[in-house]
file data_8.pdb (PDB, C-alpha atoms and all ligand atoms)
MODEL        1
ATOM      1  CA  MET A 429       0.000   0.000   0.000
ATOM      2  CA  ARG A 430       1.387   3.391  -1.029
ATOM      3  CA  VAL A 431       0.548   6.460   1.055
ATOM      4  CA  ILE A 432       0.604   9.728  -0.901
ATOM      5  CA  THR A 433       0.249  13.277   0.409
ATOM      6  CA  LYS A 434       0.995  15.377  -2.699
ATOM      7  CA  ILE A 435      -1.459  15.974  -5.556
ATOM      8  CA  HIS A 436       1.305  15.784  -8.143
ATOM      9  CA  ASP A 437       2.413  12.326  -6.876
ATOM     10  CA  MET A 438      -1.189  11.139  -6.743
ATOM     11  CA  VAL A 439      -1.841  12.160 -10.354
ATOM     12  CA  GLU A 440       1.282  10.245 -11.432
ATOM     13  CA  ALA A 441       0.418   7.174  -9.340
ATOM     14  CA  CYS A 442      -3.117   7.063 -10.778
ATOM     15  CA  ASN A 443      -1.775   7.513 -14.314
ATOM     16  CA  ILE A 444       0.253   4.316 -14.047
ATOM     17  CA  ALA A 445      -2.137   2.335 -11.788
ATOM     18  CA  PRO A 446      -3.778  -0.704 -13.411
ATOM     19  CA  ARG A 447      -7.311   0.087 -14.568
ATOM     20  CA  PRO A 448     -10.158   0.025 -13.712
ATOM     21  CA  LEU A 449      -9.453   2.196 -10.684
ATOM     22  CA  GLY A 450     -12.039   2.374  -7.886
ATOM     23  CA  LEU A 451     -12.080   5.378  -5.551
ATOM     24  CA  VAL A 452     -13.530   5.501  -2.027
ATOM     25  CA  PRO A 453     -13.568   9.086  -0.702
ATOM     26  CA  THR A 454     -13.530   9.248   3.127
ATOM     27  CA  MET A 455     -12.873  11.663   5.948
ATOM     28  CA  GLY A 456     -11.088   8.979   7.956
ATOM     29  CA  ALA A 457     -12.069   7.613  11.397
ATOM     30  CA  LEU A 458     -12.602   4.423   9.416
ATOM     31  CA  HIS A 459     -15.018   1.677  10.441
ATOM     32  CA  LYS A 460     -16.885  -1.372   9.129
ATOM     33  CA  GLY A 461     -19.104   0.813   6.929
ATOM     34  CA  HIS A 462     -16.008   2.041   5.068
ATOM     35  CA  GLN A 463     -14.645  -1.496   4.971
ATOM     36  CA  SER A 464     -17.693  -2.657   3.014
ATOM     37  CA  LEU A 465     -16.961   0.093   0.447
ATOM     38  CA  PHE A 466     -13.315  -0.991   0.128
ATOM     39  CA  GLN A 467     -14.447  -4.613  -0.322
ATOM     40  CA  LYS A 468     -16.952  -3.639  -3.000
ATOM     41  CA  ALA A 469     -14.259  -1.616  -4.801
ATOM     42  CA  ARG A 470     -11.809  -4.526  -4.506
ATOM     43  CA  GLU A 471     -14.263  -6.954  -6.131
ATOM     44  CA  SER A 472     -14.360  -5.177  -9.479
ATOM     45  CA  ASN A 473     -11.289  -2.929  -9.811
ATOM     46  CA  ARG A 474      -7.612  -3.635 -10.378
ATOM     47  CA  SER A 475      -6.641  -0.612  -8.268
ATOM     48  CA  VAL A 476      -8.371   0.567  -5.094
ATOM     49  CA  VAL A 477      -7.729   4.154  -4.009
ATOM     50  CA  VAL A 478      -8.939   5.606  -0.705
ATOM     51  CA  SER A 479      -8.773   9.298   0.101
ATOM     52  CA  VAL A 480      -8.627  10.398   3.715
ATOM     53  CA  PHE A 481      -9.276  14.123   4.031
ATOM     54  CA  VAL A 482     -11.377  16.009   6.556
ATOM     55  CA  ASN A 483     -12.811  18.556   4.163
ATOM     56  CA  PRO A 484     -13.091  21.996   5.783
ATOM     57  CA  VAL A 485     -15.406  23.409   3.096
ATOM     58  CA  GLN A 486     -18.273  21.067   3.994
ATOM     59  CA  PHE A 487     -18.406  22.057   7.694
ATOM     60  CA  ALA A 488     -20.605  24.959   8.751
ATOM     61  CA  SER A 489     -18.644  25.731  11.886
ATOM     62  CA  GLN A 490     -14.952  25.658  12.721
ATOM     63  CA  ALA A 491     -15.843  23.903  16.004
ATOM     64  CA  ASP A 492     -17.553  20.998  14.182
ATOM     65  CA  PHE A 493     -14.596  20.743  11.784
ATOM     66  CA  GLU A 494     -12.093  20.681  14.636
ATOM     67  CA  SER A 495     -14.005  18.163  16.736
ATOM     68  CA  TYR A 496     -14.411  15.696  13.832
ATOM     69  CA  PRO A 497     -12.690  12.447  14.939
ATOM     70  CA  ARG A 498      -9.218  11.907  13.440
ATOM     71  CA  ASP A 499      -6.724   9.061  13.905
ATOM     72  CA  MET A 500      -4.454   8.747  10.879
ATOM     73  CA  GLU A 501      -2.207   6.107  12.394
ATOM     74  CA  LYS A 502      -5.139   3.802  13.163
ATOM     75  CA  ASP A 503      -6.697   4.516   9.747
ATOM     76  CA  LEU A 504      -3.500   3.516   7.906
ATOM     77  CA  GLU A 505      -3.347   0.291   9.874
ATOM     78  CA  PHE A 506      -6.992  -0.398   8.990
ATOM     79  CA  LEU A 507      -6.424   0.399   5.300
ATOM     80  CA  GLY A 508      -3.368  -1.863   5.199
ATOM     81  CA  ALA A 509      -5.479  -4.753   6.477
ATOM     82  CA  CYS A 510      -8.194  -4.013   3.890
ATOM     83  CA  GLY A 511      -5.921  -4.546   0.873
ATOM     84  CA  VAL A 512      -6.080  -0.986  -0.472
ATOM     85  CA  ASP A 513      -3.469  -0.020  -3.109
ATOM     86  CA  LEU A 514      -3.191   3.762  -2.799
ATOM     87  CA  VAL A 515      -4.072   6.085   0.064
ATOM     88  CA  PHE A 516      -4.340   9.795  -0.655
ATOM     89  CA  CYS A 517      -4.106  11.882   2.518
ATOM     90  CA  PRO A 518      -3.232  15.450   1.541
ATOM     91  CA  SER A 519      -2.877  18.336   3.996
ATOM     92  CA  GLN A 520      -5.312  21.224   3.903
ATOM     93  CA  THR A 521      -2.723  23.507   2.253
ATOM     94  CA  GLU A 522      -1.978  20.839  -0.347
ATOM     95  CA  MET A 523      -5.681  20.716  -1.301
ATOM     96  CA  PHE A 524      -6.303  24.476  -0.959
ATOM     97  CA  PRO A 525      -2.926  26.220  -1.497
ATOM     98  CA  ILE A 526      -4.457  29.650  -2.177
ATOM     99  CA  GLY A 527      -7.681  29.215  -0.210
ATOM    100  CA  MET A 528     -10.841  27.924  -1.853
ATOM    101  CA  GLU A 529     -13.215  30.328  -3.571
ATOM    102  CA  SER A 530     -14.673  28.068  -6.272
ATOM    103  CA  ARG A 531     -17.619  25.820  -5.528
ATOM    104  CA  VAL A 532     -19.586  23.170  -7.382
ATOM    105  CA  ASN A 533     -23.143  24.523  -7.122
ATOM    106  CA  VAL A 534     -25.442  21.527  -6.787
ATOM    107  CA  GLY A 535     -28.826  23.285  -7.111
ATOM    108  CA  GLY A 536     -32.099  22.269  -5.467
ATOM    109  CA  ILE A 537     -31.166  18.695  -4.588
ATOM    110  CA  GLY A 538     -28.556  20.051  -2.161
ATOM    111  CA  GLU A 539     -30.905  22.608  -0.607
ATOM    112  CA  ARG A 540     -33.564  20.214   0.693
ATOM    113  CA  ILE A 541     -33.621  18.154   3.954
ATOM    114  CA  GLU A 542     -30.009  18.297   5.302
ATOM    115  CA  GLY A 543     -29.164  21.168   2.960
ATOM    116  CA  LYS A 544     -31.862  23.368   4.533
ATOM    117  CA  LEU A 545     -30.177  23.041   7.917
ATOM    118  CA  ARG A 546     -26.588  23.029   6.667
ATOM    119  CA  PRO A 547     -26.391  25.691   3.923
ATOM    120  CA  GLY A 548     -23.320  25.194   1.740
ATOM    121  CA  HIS A 549     -22.641  21.698   3.080
ATOM    122  CA  PHE A 550     -23.380  19.805  -0.128
ATOM    123  CA  GLU A 551     -21.553  22.359  -2.261
ATOM    124  CA  GLY A 552     -18.524  21.680  -0.091
ATOM    125  CA  VAL A 553     -18.990  17.924  -0.520
ATOM    126  CA  ALA A 554     -19.491  18.115  -4.303
ATOM    127  CA  THR A 555     -16.483  20.433  -4.643
ATOM    128  CA  ILE A 556     -14.079  18.116  -2.846
ATOM    129  CA  VAL A 557     -15.419  14.989  -4.561
ATOM    130  CA  CYS A 558     -15.000  16.639  -7.987
ATOM    131  CA  LYS A 559     -11.433  17.614  -7.018
ATOM    132  CA  LEU A 560     -10.799  13.955  -6.152
ATOM    133  CA  PHE A 561     -12.241  12.875  -9.521
ATOM    134  CA  ASN A 562      -9.885  15.325 -11.257
ATOM    135  CA  VAL A 563      -6.828  14.094  -9.340
ATOM    136  CA  THR A 564      -7.521  10.343  -9.594
ATOM    137  CA  ARG A 565      -9.569  10.133 -12.834
ATOM    138  CA  ALA A 566     -11.300   7.223 -11.114
ATOM    139  CA  ASP A 567     -13.340   4.810 -13.221
ATOM    140  CA  ARG A 568     -15.661   3.930 -10.340
ATOM    141  CA  VAL A 569     -16.560   5.575  -7.047
ATOM    142  CA  TYR A 570     -18.212   4.051  -3.968
ATOM    143  CA  PHE A 571     -20.449   5.606  -1.308
ATOM    144  CA  GLY A 572     -22.649   4.265   1.493
ATOM    145  CA  GLN A 573     -26.456   4.424   1.500
ATOM    146  CA  LYS A 574     -26.361   6.150   4.908
ATOM    147  CA  ASP A 575     -25.486   9.411   3.141
ATOM    148  CA  ALA A 576     -28.452   9.185   0.776
ATOM    149  CA  GLN A 577     -28.739  12.898  -0.013
ATOM    150  CA  GLN A 578     -24.992  13.205  -0.545
ATOM    151  CA  ASN A 579     -25.258  10.349  -3.046
ATOM    152  CA  LEU A 580     -27.973  12.124  -5.027
ATOM    153  CA  VAL A 581     -25.956  15.350  -5.019
ATOM    154  CA  ILE A 582     -22.880  13.547  -6.358
ATOM    155  CA  LYS A 583     -24.935  11.632  -8.899
ATOM    156  CA  HIS A 584     -26.166  14.986 -10.235
ATOM    157  CA  ALA A 585     -22.679  16.505 -10.244
ATOM    158  CA  ILE A 586     -21.299  13.501 -12.176
ATOM    159  CA  SER A 587     -24.039  13.801 -14.776
ATOM    160  CA  ASP A 588     -24.126  17.612 -14.976
ATOM    161  CA  LEU A 589     -20.340  17.953 -15.290
ATOM    162  CA  ASN A 590     -19.826  14.894 -17.555
ATOM    163  CA  TYR A 591     -17.469  12.985 -15.296
ATOM    164  CA  ALA A 592     -16.773   9.557 -16.796
ATOM    165  CA  VAL A 593     -16.823   7.881 -13.365
ATOM    166  CA  LYS A 594     -19.500   5.274 -12.536
ATOM    167  CA  MET A 595     -21.017   5.599  -9.069
ATOM    168  CA  PHE A 596     -22.010   2.701  -6.796
ATOM    169  CA  VAL A 597     -24.069   2.924  -3.603
ATOM    170  CA  VAL A 598     -23.378   0.226  -1.017
ATOM    171  CA  PRO A 599     -25.967  -0.765   1.674
ATOM    172  CA  THR A 600     -25.608   0.731   5.155
ATOM    173  CA  VAL A 601     -23.650  -1.454   7.568
ATOM    174  CA  ARG A 602     -25.304  -1.663  10.990
ATOM    175  CA  GLY A 603     -24.343  -2.865  14.432
ATOM    176  CA  LYS A 604     -26.296  -5.698  16.105
ATOM    177  CA  ASP A 605     -28.820  -3.191  17.456
ATOM    178  CA  GLY A 606     -29.237  -1.587  14.025
ATOM    179  CA  LEU A 607     -27.174   1.565  14.623
ATOM    180  CA  ALA A 608     -25.549   2.565  11.342
ATOM    181  CA  TYR A 609     -21.750   2.672  11.480
ATOM    182  CA  SER A 610     -20.585   6.295  11.373
ATOM    183  CA  SER A 611     -17.324   8.033  12.196
ATOM    184  CA  ARG A 612     -19.335  10.213  14.571
ATOM    185  CA  ASN A 613     -20.326   7.157  16.682
ATOM    186  CA  ALA A 614     -16.807   7.391  18.130
ATOM    187  CA  SER A 615     -17.949  10.531  20.001
ATOM    188  CA  LEU A 616     -20.754   8.695  21.869
ATOM    189  CA  THR A 617     -20.239   7.648  25.473
ATOM    190  CA  ALA A 618     -20.719   3.934  26.224
ATOM    191  CA  MET A 619     -24.152   4.705  27.697
ATOM    192  CA  GLN A 620     -25.202   6.815  24.684
ATOM    193  CA  ARG A 621     -23.982   4.124  22.272
ATOM    194  CA  LYS A 622     -26.076   1.524  24.130
ATOM    195  CA  LYS A 623     -29.252   3.531  23.568
ATOM    196  CA  ALA A 624     -28.558   4.739  20.018
ATOM    197  CA  GLY A 625     -30.157   1.652  18.402
ATOM    198  CA  ILE A 626     -33.492   3.447  18.918
ATOM    199  CA  ILE A 627     -32.800   5.442  15.712
ATOM    200  CA  TYR A 628     -33.026   2.332  13.557
ATOM    201  CA  GLU A 629     -35.949   1.034  15.600
ATOM    202  CA  ALA A 630     -37.846   4.264  14.882
ATOM    203  CA  LEU A 631     -37.131   4.089  11.139
ATOM    204  CA  LEU A 632     -38.098   0.425  11.061
ATOM    205  CA  THR A 633     -41.364   1.085  12.941
ATOM    206  CA  ALA A 634     -42.311   3.749  10.369
ATOM    207  CA  LYS A 635     -41.326   1.428   7.506
ATOM    208  CA  LYS A 636     -43.481  -1.378   8.932
ATOM    209  CA  LEU A 637     -46.439   1.004   9.074
ATOM    210  CA  PHE A 638     -45.794   1.936   5.430
ATOM    211  CA  ASP A 639     -45.485  -1.738   4.440
ATOM    212  CA  SER A 640     -48.848  -2.404   6.093
ATOM    213  CA  GLY A 641     -50.469   0.197   3.785
ATOM    214  CA  GLU A 642     -50.228   3.507   5.674
ATOM    215  CA  PHE A 643     -49.203   6.165   3.139
ATOM    216  CA  ASP A 644     -49.864   9.311   5.194
ATOM    217  CA  SER A 645     -46.386  10.688   5.758
ATOM    218  CA  GLU A 646     -47.405  12.714   8.829
ATOM    219  CA  LYS A 647     -48.569   9.520  10.564
ATOM    220  CA  LEU A 648     -45.263   7.809   9.760
ATOM    221  CA  ARG A 649     -43.219  10.815  10.895
ATOM    222  CA  ASN A 650     -45.181  11.038  14.148
ATOM    223  CA  GLU A 651     -44.687   7.328  14.778
ATOM    224  CA  ALA A 652     -40.926   7.600  14.219
ATOM    225  CA  LYS A 653     -40.783  10.622  16.550
ATOM    226  CA  ARG A 654     -42.809   8.788  19.188
ATOM    227  CA  VAL A 655     -40.354   5.870  19.193
ATOM    228  CA  ILE A 656     -37.343   8.197  19.343
ATOM    229  CA  GLY A 657     -39.051  10.091  22.167
ATOM    230  CA  LEU A 658     -39.045   6.892  24.270
ATOM    231  CA  GLU A 659     -35.297   7.304  24.711
ATOM    232  CA  PRO A 660     -34.333  10.343  26.816
ATOM    233  CA  VAL A 661     -30.710  10.064  25.642
ATOM    234  CA  ILE A 662     -31.863  11.643  22.355
ATOM    235  CA  SER A 663     -31.514  15.306  23.201
ATOM    236  CA  ARG A 664     -33.066  16.764  20.021
ATOM    237  CA  ILE A 665     -34.680  15.597  16.789
ATOM    238  CA  GLU A 666     -33.683  17.898  13.924
ATOM    239  CA  TYR A 667     -35.997  16.336  11.382
ATOM    240  CA  VAL A 668     -37.844  13.245  10.294
ATOM    241  CA  SER A 669     -38.303  13.655   6.550
ATOM    242  CA  ILE A 670     -40.266  11.583   4.065
ATOM    243  CA  ALA A 671     -39.292  12.685   0.593
ATOM    244  CA  ASP A 672     -39.439  11.558  -3.010
ATOM    245  CA  LEU A 673     -36.548   9.157  -3.570
ATOM    246  CA  VAL A 674     -35.350  11.000  -6.677
ATOM    247  CA  THR A 675     -36.084  14.701  -6.119
ATOM    248  CA  LEU A 676     -36.060  14.720  -2.305
ATOM    249  CA  GLU A 677     -39.208  16.851  -2.284
ATOM    250  CA  GLU A 678     -41.268  16.263   0.851
ATOM    251  CA  LEU A 679     -44.307  14.036   0.334
ATOM    252  CA  VAL A 680     -47.689  14.471   2.019
ATOM    253  CA  THR A 681     -48.950  11.162   0.636
ATOM    254  CA  ILE A 682     -46.392   8.466  -0.079
ATOM    255  CA  ASN A 683     -47.631   7.535  -3.549
ATOM    256  CA  ARG A 684     -44.170   6.663  -4.947
ATOM    257  CA  SER A 685     -40.880   5.345  -3.629
ATOM    258  CA  ALA A 686     -39.574   7.539  -0.863
ATOM    259  CA  LEU A 687     -36.724   8.089   1.551
ATOM    260  CA  ILE A 688     -37.455   8.326   5.247
ATOM    261  CA  SER A 689     -34.514  10.078   6.844
ATOM    262  CA  VAL A 690     -33.732  11.398  10.268
ATOM    263  CA  ALA A 691     -31.173  13.685  11.900
ATOM    264  CA  LEU A 692     -30.925  13.960  15.663
ATOM    265  CA  TRP A 693     -28.594  14.772  18.485
ATOM    266  CA  ILE A 694     -27.348  12.506  21.243
ATOM    267  CA  GLY A 695     -25.630  14.925  23.581
ATOM    268  CA  GLY A 696     -23.090  16.755  21.412
ATOM    269  CA  THR A 697     -23.161  14.181  18.591
ATOM    270  CA  ARG A 698     -25.302  14.636  15.490
ATOM    271  CA  LEU A 699     -26.333  11.410  13.766
ATOM    272  CA  ILE A 700     -28.244  10.728  10.541
ATOM    273  CA  ASP A 701     -29.840   7.600   9.112
ATOM    274  CA  ASN A 702     -32.419   6.576   6.532
ATOM    275  CA  LEU A 703     -34.409   3.758   4.976
ATOM    276  CA  ILE A 704     -36.023   3.434   1.568
ATOM    277  CA  LEU A 705     -39.820   3.036   1.380
ATOM    278  CA  SER A 706     -40.329   1.146  -1.904
ATOM    279  CA  HIS A 707     -43.649   1.378  -3.741
TER
HETATM  280  O1  LIG B 801     -19.044  11.078   3.283
HETATM  281  C1  LIG B 801     -17.943  11.587   3.581
HETATM  282  O2  LIG B 801     -17.165  11.044   4.339
HETATM  283  C2  LIG B 801     -17.583  12.938   2.964
HETATM  284  O3  LIG B 801     -18.694  13.746   2.838
HETATM  285  C3  LIG B 801     -16.828  12.815   1.638
HETATM  286  C4  LIG B 801     -17.680  12.185   0.561
HETATM  287  C5  LIG B 801     -15.565  12.005   1.826
HETATM  288  C6  LIG B 801     -16.423  14.201   1.124
HETATM  289  O4  LIG B 801     -15.590  14.860   2.030
ENDMDL
END
call {"tool": "encode", "arguments": {"input": "data_8.pdb", "output": "structure tokens"}}
result
Amino acid sequence: MRVITKIHDMVEACNIAPRPLGLVPTMGALHKGHQSLFQKARESNRSVVVSVFVNPVQFASQADFESYPRDMEKDLEFLGACGVDLVFCPSQTEMFPIGMESRVNVGGIGERIEGKLRPGHFEGVATIVCKLFNVTRADRVYFGQKDAQQNLVIKHAISDLNYAVKMFVVPTVRGKDGLAYSSRNASLTAMQRKKAGIIYEALLTAKKLFDSGEFDSEKLRNEAKRVIGLEPVISRIEYVSIADLVTLEELVTINRSALISVALWIGGTRLIDNLILSH
């Protein structure tokens, strides 16, 4: 496994790497969810490239950026065991030598649900992912279903900007209690982690209601909120959204396939999750 910190070296390494080349963009603090992406990339590419970069332009506050979990040494050990070929871990000044004024504007899809609460977040994500496409010229890119809106944003950017990369979405990896693996889980106390399975339980309860023929999104949202409310460790629900699976517009009646997604706080940790409601 080769670890590269300079853009110039990365461009050269990707130029000579056997193709197809699969890219997994990450912000580090790697876990089993990432591992499933590396495995998927390994199955169908001759080169697997992982980027590890905590992207400042997708954070709304400096405090959130600074408190994002980081452990490069542990991540490199993890990546070595996963059979990755190239790791790209540039510094902030390497990625943004003269600051960063340009942005990939992702339009409406990035302004709904999460985007409403985190203005500029998805532009920051799309910008860094496009930079990674330009550096690696990846043939394939892999993301997890947990970041459903991010996936739609990137899908649009790939199509709108004519990137030749093919995107794959890999199912969410969950713990035994259903909690989706996330780098942010590392910030939970042992007690908070024990209770956090309620998020999946709430989504599943709403999905079961939908599967039994209830298509009123308010009823499903209220049911999910009721289940979450059973657990006092959840300090705040930011949203429970039920939106069209393609446009992410909120639905009153679920008359087509939809995404039920939730964002909430457990103490100082913000977690998101989602499930698909298939019609
Ligand atoms: O999902 C993430 O970890 C990040 O948003 C990504 C795609 C690596 C961009 O910084």
call {"tool": "residues_near_ligand", "arguments": {"input": "data_8.pdb", "ligand": "ligand LIG 801 (chain B)", "cutoff": "8 Å", "atoms": "only C-alpha atoms and all ligand atoms", "output": "list of chain:residue names"}}
result
A:Val452, A:Pro453, A:Thr454, A:Met455, A:Gly456, A:Ser479, A:Val480, A:Phe481, A:Val482, A:Asn483, A:Gln486, A:Gly552, A:Val553, A:Ala554, A:Ile556, A:Val557, A:Phe571, A:Gly572, A:Asp575, A:Gln578
call {"tool": "resolve_selection", "arguments": {"input": "data_8.pdb", "expression": "the PyMOL selection byres (((chain A and resi 493) around 12) and not hetatm)", "output": "MDAnalysis selection string"}}
result
chainID A and resid 455 481:492 494:498 549 612
call {"tool": "residues_around", "arguments": {"input": "data_8.pdb", "residues": "Ala634 of chain A", "least_positions_apart": "2", "cutoff": "7 Å", "atoms": "only C-alpha atoms", "output": "PDB file with C-alpha atoms, in the coordinates of the input"}}
result
ATOM      1  CA  ALA A 630     -37.846   4.264  14.882  1.00  0.00           C
ATOM      2  CA  LEU A 631     -37.131   4.089  11.139  1.00  0.00           C
ATOM      3  CA  LEU A 632     -38.098   0.425  11.061  1.00  0.00           C
ATOM      4  CA  LYS A 636     -43.481  -1.378   8.932  1.00  0.00           C
ATOM      5  CA  LEU A 637     -46.439   1.004   9.074  1.00  0.00           C
ATOM      6  CA  PHE A 638     -45.794   1.936   5.430  1.00  0.00           C
ATOM      7  CA  LEU A 648     -45.263   7.809   9.760  1.00  0.00           C
ATOM      8  CA  GLU A 651     -44.687   7.328  14.778  1.00  0.00           C
ATOM      9  CA  ALA A 652     -40.926   7.600  14.219  1.00  0.00           C
TER      10      ALA A 652
END
call {"tool": "atom_distance", "arguments": {"input": "data_8.pdb", "atom1": "atom CA of Pro660 of chain A", "atom2": "atom CA of Asp701 of chain A"}}
result
18.5 Å
call {"tool": "resolve_selection", "arguments": {"input": "data_8.pdb", "expression": "the PyMOL selection byres (((chain A and resi 684) around 12) and not hetatm)", "output": "list in words"}}
result
Phe638, Phe643, Asp644, Ser645, Ile670, Ala671, Asp672, Leu673, Val674, Thr675, Leu676, Glu677, Glu678, Leu679, Val680, Thr681, Ile682, Asn683, Ser685, Ala686, Leu687, Ile704, Leu705, Ser706 and His707 of chain A
call {"tool": "axis_aligned_box", "arguments": {"input": "data_8.pdb", "around": "segment 571-578 of chain A", "padding_each_side": "5 Å", "output": "AutoDock Vina command-line options"}}
result
--center_x -24.6 --center_y 8.7 --center_z 1.8 --size_x 18.3 --size_y 18.9 --size_z 16.2
call {"tool": "resolve_selection", "arguments": {"input": "data_8.pdb", "expression": "the PyMOL selection byres (((chain A and resi 465-478) around 8) and not hetatm)", "output": "MDAnalysis selection string"}}
result
chainID A and resid 445:454 461:464 479:480 510:516 568:572 598
call {"tool": "residues_near_point", "arguments": {"input": "data_8.pdb", "point": "(-23.8, 16.9, -6.4)", "cutoff": "10 Å", "atoms": "all atoms listed in the file", "output": "ChimeraX atom specification"}}
result
/A:532-538,550-555,557-558,577-589
call {"tool": "closest_residue", "arguments": {"input": "data_8.pdb", "among": "A:Val563, A:Leu545, A:Val431, A:Glu440", "to": "Leu504 of chain A", "atoms": "only C-alpha atoms"}}
result
A:Val431
call {"tool": "atom_distance", "arguments": {"input": "data_8.pdb", "atom1": "atom CA of Pro547 of chain A", "atom2": "atom CA of Leu560 of chain A"}}
result
22.0 Å
call {"tool": "atom_distance", "arguments": {"input": "data_8.pdb", "atom1": "atom CA of Ile694 of chain A", "atom2": "atom CA of Ser663 of chain A"}}
result
5.4 Å
call {"tool": "residues_around", "arguments": {"input": "data_8.pdb", "residues": "Glu659 of chain A", "least_positions_apart": "4", "cutoff": "8 Å", "atoms": "all atoms listed in the file", "output": "PDB file with C-alpha atoms, in the coordinates of the input"}}
result
ATOM      1  CA  LYS A 623     -29.252   3.531  23.568  1.00  0.00           C
ATOM      2  CA  ILE A 626     -33.492   3.447  18.918  1.00  0.00           C
ATOM      3  CA  VAL A 655     -40.354   5.870  19.193  1.00  0.00           C
TER       4      VAL A 655
END
call {"tool": "closest_residue", "arguments": {"input": "data_8.pdb", "among": "A:Ser615, A:Gln573, A:Ser530, A:Ser689", "to": "Arg649 of chain A", "atoms": "all atoms listed in the file"}}
result
A:Ser689
call {"tool": "residues_around", "arguments": {"input": "data_8.pdb", "residues": "Ile665 of chain A", "least_positions_apart": "2", "cutoff": "10 Å", "atoms": "only C-alpha atoms", "output": "number ranges by chain"}}
result
A: 653, 656-657, 662-663, 667-668, 690-694, 698-699
call {"tool": "residues_near_point", "arguments": {"input": "data_8.pdb", "point": "(-3.9, 22.8, 2.2)", "cutoff": "12 Å", "atoms": "only C-alpha atoms", "output": "list in words"}}
result
Thr433, Lys434, Ile435, Phe481, Val482, Asn483, Pro484, Val485, Cys517, Pro518, Ser519, Gln520, Thr521, Glu522, Met523, Phe524, Pro525, Ile526, Gly527 and Met528 of chain A
call {"tool": "build_atoms", "arguments": {"input": "data_8.pdb", "residues": "segment 547-560 of chain A", "atoms": "N, CA and C atoms", "output": "PDB file, keeping the file's coordinate frame"}}
result
ATOM      1  N   PRO A 547     -26.618  25.014   5.212  1.00  0.00           N
ATOM      2  CA  PRO A 547     -26.391  25.691   3.923  1.00  0.00           C
ATOM      3  C   PRO A 547     -24.922  25.600   3.514  1.00  0.00           C
ATOM      4  N   GLY A 548     -24.692  25.261   2.266  1.00  0.00           N
ATOM      5  CA  GLY A 548     -23.320  25.194   1.740  1.00  0.00           C
ATOM      6  C   GLY A 548     -22.656  23.839   1.938  1.00  0.00           C
ATOM      7  N   HIS A 549     -23.268  22.991   2.779  1.00  0.00           N
ATOM      8  CA  HIS A 549     -22.641  21.698   3.080  1.00  0.00           C
ATOM      9  C   HIS A 549     -22.429  20.858   1.806  1.00  0.00           C
ATOM     10  N   PHE A 550     -23.500  20.699   1.030  1.00  0.00           N
ATOM     11  CA  PHE A 550     -23.380  19.805  -0.128  1.00  0.00           C
ATOM     12  C   PHE A 550     -22.533  20.417  -1.246  1.00  0.00           C
ATOM     13  N   GLU A 551     -22.476  21.745  -1.295  1.00  0.00           N
ATOM     14  CA  GLU A 551     -21.553  22.359  -2.261  1.00  0.00           C
ATOM     15  C   GLU A 551     -20.122  22.026  -1.885  1.00  0.00           C
ATOM     16  N   GLY A 552     -19.859  22.047  -0.585  1.00  0.00           N
ATOM     17  CA  GLY A 552     -18.524  21.680  -0.091  1.00  0.00           C
ATOM     18  C   GLY A 552     -18.193  20.234  -0.398  1.00  0.00           C
ATOM     19  N   VAL A 553     -19.196  19.354  -0.235  1.00  0.00           N
ATOM     20  CA  VAL A 553     -18.990  17.924  -0.520  1.00  0.00           C
ATOM     21  C   VAL A 553     -18.736  17.729  -2.019  1.00  0.00           C
ATOM     22  N   ALA A 554     -19.622  18.312  -2.846  1.00  0.00           N
ATOM     23  CA  ALA A 554     -19.491  18.115  -4.303  1.00  0.00           C
ATOM     24  C   ALA A 554     -18.160  18.686  -4.795  1.00  0.00           C
ATOM     25  N   THR A 555     -17.744  19.800  -4.222  1.00  0.00           N
ATOM     26  CA  THR A 555     -16.483  20.433  -4.643  1.00  0.00           C
ATOM     27  C   THR A 555     -15.302  19.502  -4.377  1.00  0.00           C
ATOM     28  N   ILE A 556     -15.242  18.954  -3.172  1.00  0.00           N
ATOM     29  CA  ILE A 556     -14.079  18.116  -2.846  1.00  0.00           C
ATOM     30  C   ILE A 556     -14.123  16.807  -3.639  1.00  0.00           C
ATOM     31  N   VAL A 557     -15.325  16.255  -3.823  1.00  0.00           N
ATOM     32  CA  VAL A 557     -15.419  14.989  -4.561  1.00  0.00           C
ATOM     33  C   VAL A 557     -15.004  15.220  -6.030  1.00  0.00           C
ATOM     34  N   CYS A 558     -15.415  16.340  -6.607  1.00  0.00           N
ATOM     35  CA  CYS A 558     -15.000  16.639  -7.987  1.00  0.00           C
ATOM     36  C   CYS A 558     -13.486  16.827  -8.057  1.00  0.00           C
ATOM     37  N   LYS A 559     -12.900  17.482  -7.051  1.00  0.00           N
ATOM     38  CA  LYS A 559     -11.433  17.614  -7.018  1.00  0.00           C
ATOM     39  C   LYS A 559     -10.790  16.223  -7.012  1.00  0.00           C
ATOM     40  N   LEU A 560     -11.361  15.317  -6.226  1.00  0.00           N
ATOM     41  CA  LEU A 560     -10.799  13.955  -6.152  1.00  0.00           C
ATOM     42  C   LEU A 560     -10.956  13.221  -7.489  1.00  0.00           C
TER      43      LEU A 560
END
